[in-house]
Each structure stands twice: as structure tokens, then as C-alpha cells.
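So this block is model-v4.cif, mmCIF, C-alpha atoms and all ligand atoms:
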data_target
loop_
_atom_site.group_PDB
_atom_site.id
_atom_site.type_symbol
_atom_site.label_atom_id
_atom_site.label_comp_id
_atom_site.auth_asym_id
_atom_site.auth_seq_id
_atom_site.Cartn_x
_atom_site.Cartn_y
_atom_site.Cartn_z
ATOM 1 C CA MET A 1 23.944 6.712 19.513
ATOM 2 C CA SER A 2 22.365 5.311 16.390
ATOM 3 C CA ALA A 3 24.617 3.613 13.884
ATOM 4 C CA SER A 4 23.828 5.774 10.878
ATOM 5 C CA ALA A 5 21.869 8.957 10.348
ATOM 6 C CA ALA A 6 19.602 8.118 7.458
ATOM 7 C CA GLN A 7 18.426 10.829 5.141
ATOM 8 C CA CYS A 8 14.769 11.739 4.749
ATOM 9 C CA ARG A 9 13.139 9.871 1.868
ATOM 10 C CA ALA A 10 11.103 12.801 0.602
ATOM 11 C CA PRO A 11 12.410 13.827 -2.837
ATOM 12 C CA GLY A 12 15.107 16.472 -2.570
ATOM 13 C CA CYS A 13 15.060 16.656 1.224
ATOM 14 C CA GLN A 14 18.481 16.716 2.901
ATOM 15 C CA ARG A 15 17.273 16.552 6.495
ATOM 16 C CA GLU A 16 17.975 13.675 8.802
ATOM 17 C CA ALA A 17 15.269 11.021 8.973
ATOM 18 C CA ARG A 18 13.603 10.489 12.334
ATOM 19 C CA ARG A 19 10.803 8.019 11.891
ATOM 20 C CA ASN A 20 9.608 6.059 8.876
ATOM 21 C CA ARG A 21 12.668 7.374 7.051
ATOM 22 C CA MET A 22 11.267 10.906 7.114
ATOM 23 C CA CYS A 23 12.363 14.102 8.814
ATOM 24 C CA TRP A 24 9.907 15.670 11.259
ATOM 25 C CA PRO A 25 8.421 18.306 8.922
ATOM 26 C CA HIS A 26 7.861 15.731 6.195
ATOM 27 C CA ARG A 27 6.559 13.133 8.586
ATOM 28 C CA TYR A 28 4.081 15.640 9.954
ATOM 29 C CA ARG A 29 2.777 16.474 6.490
ATOM 30 C CA TRP A 30 2.676 12.835 5.541
ATOM 31 C CA VAL A 31 0.669 11.865 8.615
ATOM 32 C CA ARG A 32 -1.658 14.812 8.330
ATOM 33 C CA TYR A 33 -2.187 15.023 4.596
ATOM 34 C CA GLY A 34 -0.920 11.711 3.286
ATOM 35 C CA ALA A 35 1.614 13.656 1.256
ATOM 36 C CA TYR A 36 5.029 15.253 1.653
ATOM 37 C CA GLU A 37 4.180 18.356 -0.348
ATOM 38 C CA GLY A 38 1.512 19.520 -2.708
ATOM 39 C CA GLY A 39 2.794 17.983 -5.934
ATOM 40 C CA GLU A 40 3.343 14.436 -6.926
ATOM 41 C CA TRP A 41 3.085 12.951 -3.456
ATOM 42 C CA SER A 42 -0.383 14.283 -2.845
ATOM 43 C CA THR A 43 -1.801 12.212 -5.649
ATOM 44 C CA ALA A 44 -2.067 8.474 -5.902
ATOM 45 C CA ASP A 45 -0.218 6.828 -8.732
ATOM 46 C CA GLU A 46 -2.821 4.658 -10.468
ATOM 47 C CA PHE A 47 -0.198 2.467 -12.048
ATOM 48 C CA ASP A 48 1.445 1.709 -8.688
ATOM 49 C CA ILE A 49 -1.952 0.942 -7.194
ATOM 50 C CA ALA A 50 -2.930 -1.404 -10.010
ATOM 51 C CA LEU A 51 0.416 -3.147 -9.813
ATOM 52 C CA ALA A 52 0.220 -3.548 -6.045
ATOM 53 C CA VAL A 53 -3.292 -4.976 -6.270
ATOM 54 C CA GLU A 54 -2.244 -7.351 -9.033
ATOM 55 C CA CYS A 55 0.961 -8.549 -7.351
ATOM 56 C CA ARG A 56 -0.475 -8.285 -3.827
ATOM 57 C CA ARG A 57 2.693 -6.576 -2.746
ATOM 58 C CA MET A 58 3.346 -2.984 -1.683
ATOM 59 C CA PRO A 59 5.745 -0.935 -3.812
ATOM 60 C CA ASP A 60 8.371 1.174 -2.013
ATOM 61 C CA GLY A 61 7.475 4.662 -0.886
ATOM 62 C CA VAL A 62 3.696 4.432 -1.160
ATOM 63 C CA THR A 63 1.758 7.381 0.185
ATOM 64 C CA ARG A 64 -1.008 7.000 2.733
ATOM 65 C CA LEU A 65 -3.547 7.661 0.023
ATOM 66 C CA GLU A 66 -2.097 4.942 -2.165
ATOM 67 C CA ARG A 67 -1.977 2.490 0.719
ATOM 68 C CA LYS A 68 -5.626 3.100 1.451
ATOM 69 C CA ARG A 69 -6.645 2.791 -2.197
ATOM 70 C CA ILE A 70 -4.693 -0.444 -2.508
ATOM 71 C CA GLY A 71 -6.340 -1.764 0.661
ATOM 72 C CA LEU A 72 -9.814 -0.930 -0.584
ATOM 73 C CA GLN A 73 -9.225 -2.452 -3.994
ATOM 74 C CA LEU A 74 -7.902 -5.634 -2.411
ATOM 75 C CA SER A 75 -11.013 -5.695 -0.204
ATOM 76 C CA GLU A 76 -13.210 -5.396 -3.269
ATOM 77 C CA ARG A 77 -11.486 -8.429 -4.701
ATOM 78 C CA GLY A 78 -12.744 -10.402 -1.740
ATOM 79 C CA LEU A 79 -9.610 -10.596 0.361
ATOM 80 C CA SER A 80 -10.127 -10.944 4.109
ATOM 81 C CA LEU A 81 -9.312 -8.201 6.596
ATOM 82 C CA ALA A 82 -6.243 -10.117 7.746
ATOM 83 C CA GLU A 83 -4.966 -10.588 4.193
ATOM 84 C CA VAL A 84 -5.460 -6.942 3.266
ATOM 85 C CA ALA A 85 -3.780 -5.859 6.508
ATOM 86 C CA ARG A 86 -0.814 -8.117 5.882
ATOM 87 C CA ILE A 87 -0.287 -6.915 2.308
ATOM 88 C CA THR A 88 -0.714 -3.220 3.046
ATOM 89 C CA ARG A 89 1.217 -3.539 6.337
ATOM 90 C CA VAL A 90 -1.405 -1.935 8.529
ATOM 91 C CA THR A 91 -3.493 -3.358 11.353
ATOM 92 C CA PRO A 92 -6.816 -5.078 10.542
ATOM 93 C CA ARG A 93 -8.427 -2.231 12.452
ATOM 94 C CA THR A 94 -7.106 0.282 9.953
ATOM 95 C CA VAL A 95 -8.560 -1.777 7.115
ATOM 96 C CA CYS A 96 -11.871 -1.792 8.987
ATOM 97 C CA ARG A 97 -11.752 1.976 9.222
ATOM 98 C CA TRP A 98 -11.046 2.342 5.493
ATOM 99 C CA ARG A 99 -13.956 0.063 4.676
ATOM 100 C CA SER A 100 -16.454 1.782 6.930
ATOM 101 C CA ALA A 101 -15.355 5.211 5.688
ATOM 102 C CA ARG A 102 -16.023 4.040 2.159
ATOM 103 C CA ARG A 103 -19.430 2.656 3.075
ATOM 104 C CA ARG A 104 -20.365 5.978 4.666
ATOM 105 C CA ALA A 105 -19.131 7.831 1.587
ATOM 106 C CA ARG A 106 -21.416 5.723 -0.576
ATOM 107 C CA GLY A 107 -24.377 6.332 1.670
ATOM 108 C CA VAL A 108 -24.842 2.693 2.570
ATOM 109 C CA SER A 109 -25.482 2.079 6.235
HETATM 110 ZN ZN ZN B 1 12.263 15.671 4.794
#

Just give me the structure of the file as C-alpha cells.
Ligand SMILES: [Zn+2]
Amino acid sequence: MSASAAQCRAPGCQREARRNRMCWPHRYRWVRYGAYEGGEWSTADEFDIALAVECRRMPDGVTRLERKRIGLQLSERGLSLAEVARITRVTPRTVCRWRSARRRARGVS
């Protein structure tokens, strides 16, 4: 039915991509843990984050953790919810959730 069966974007994975260019096992891990595997994807690349914040543009293949960190850093630079949401390609509600989670983590009510 579909024109082309894309391959999963996780490094070294040969399975067919289903959603978000990931196979089901990798998508599950990505959604649940923000990472494909233990290993490089479970950590945020500080350089990518800094670059994204500076250029206000998302690099390819960012992890959920990186996306969140980029969103929070953009917020700290005074960008509006809508701007942060647009750059990180999430809904403003997600940005709200990131921000309130951070406030709770800092113990500020
Ligand atoms: Zn995969």
C-alpha cells in the first residue's frame, strides 16, 4: 500500500519503520525512555543542544531528552511558549509541561 518501506532510523537497525521513522520496538523504547537503547541515545548531546538553542532550529534525530532540554533552554532565554513549541515542534502544552516539571524539580511552587 505505501509507496516505500522506510528503514528504522535507529543506528544499525534493519527493521521497517512504522511511525516517526522507527520500528515498533525502537519507537516503544523511544517513547518510554527517550532513547533507542542504553548507549549514546540515552544521553543528550550538549553540543547539539547548544547549537539548536543558538540557531533556534532542531537538528535531525534529536532524542526526547534533547528536545526537552532545548525547549527549556529556549524558555530560559525568554522565548514565548508558542515560539518554543514551534522551534521544538511540539505543542505549547508540552512546553508547559516541561516548564512546570522543572519548577517542581527546583522546589518553586
Ligand atoms: Zn528499529

Next item on the list: Grab me every residue within 9 Å of ligand ZN 1 (chain B), counting all atoms listed in the file, and send it over as an NGL selection string.
Entry: :A and (7-17 or 21-27 or 36)

Residues of the last selection are to be written out with C-alpha atoms, as a tab-separated table (two decimals), in the coordinates of the input.
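Wrote again.tsv, looks like this:
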chain	number	residue	atom	x	y	z
A	7	GLN	CA	18.43	10.83	5.14
A	8	CYS	CA	14.77	11.74	4.75
A	9	ARG	CA	13.14	9.87	1.87
A	10	ALA	CA	11.10	12.80	0.60
A	11	PRO	CA	12.41	13.83	-2.84
A	12	GLY	CA	15.11	16.47	-2.57
A	13	CYS	CA	15.06	16.66	1.22
A	14	GLN	CA	18.48	16.72	2.90
A	15	ARG	CA	17.27	16.55	6.50
A	16	GLU	CA	17.98	13.68	8.80
A	17	ALA	CA	15.27	11.02	8.97
A	21	ARG	CA	12.67	7.37	7.05
A	22	MET	CA	11.27	10.91	7.11
A	23	CYS	CA	12.36	14.10	8.81
A	24	TRP	CA	9.91	15.67	11.26
A	25	PRO	CA	8.42	18.31	8.92
A	26	HIS	CA	7.86	15.73	6.20
A	27	ARG	CA	6.56	13.13	8.59
A	36	TYR	CA	5.03	15.25	1.65

Next item on the list: Apply the PyMOL selection byres (((chain A and resi 46-54) around 8) and not hetatm) to the displayed file and report the matching residues as a ChimeraX atom specification.
Entry: /A:44-45,55-59,66,69-70,73-74

Checklist line | Selection dump of the PyMOL selection byres (((chain A and resi 96) around 12) and not hetatm), as a list in words | finding: Lys68, Gly71, Leu72, Ser75, Ser80, Leu81, Ala82, Val84, Ala85, Val90, Thr91, Pro92, Arg93, Thr94, Val95, Arg97, Trp98, Arg99, Ser100, Ala101, Arg102 and Arg103 of chain A
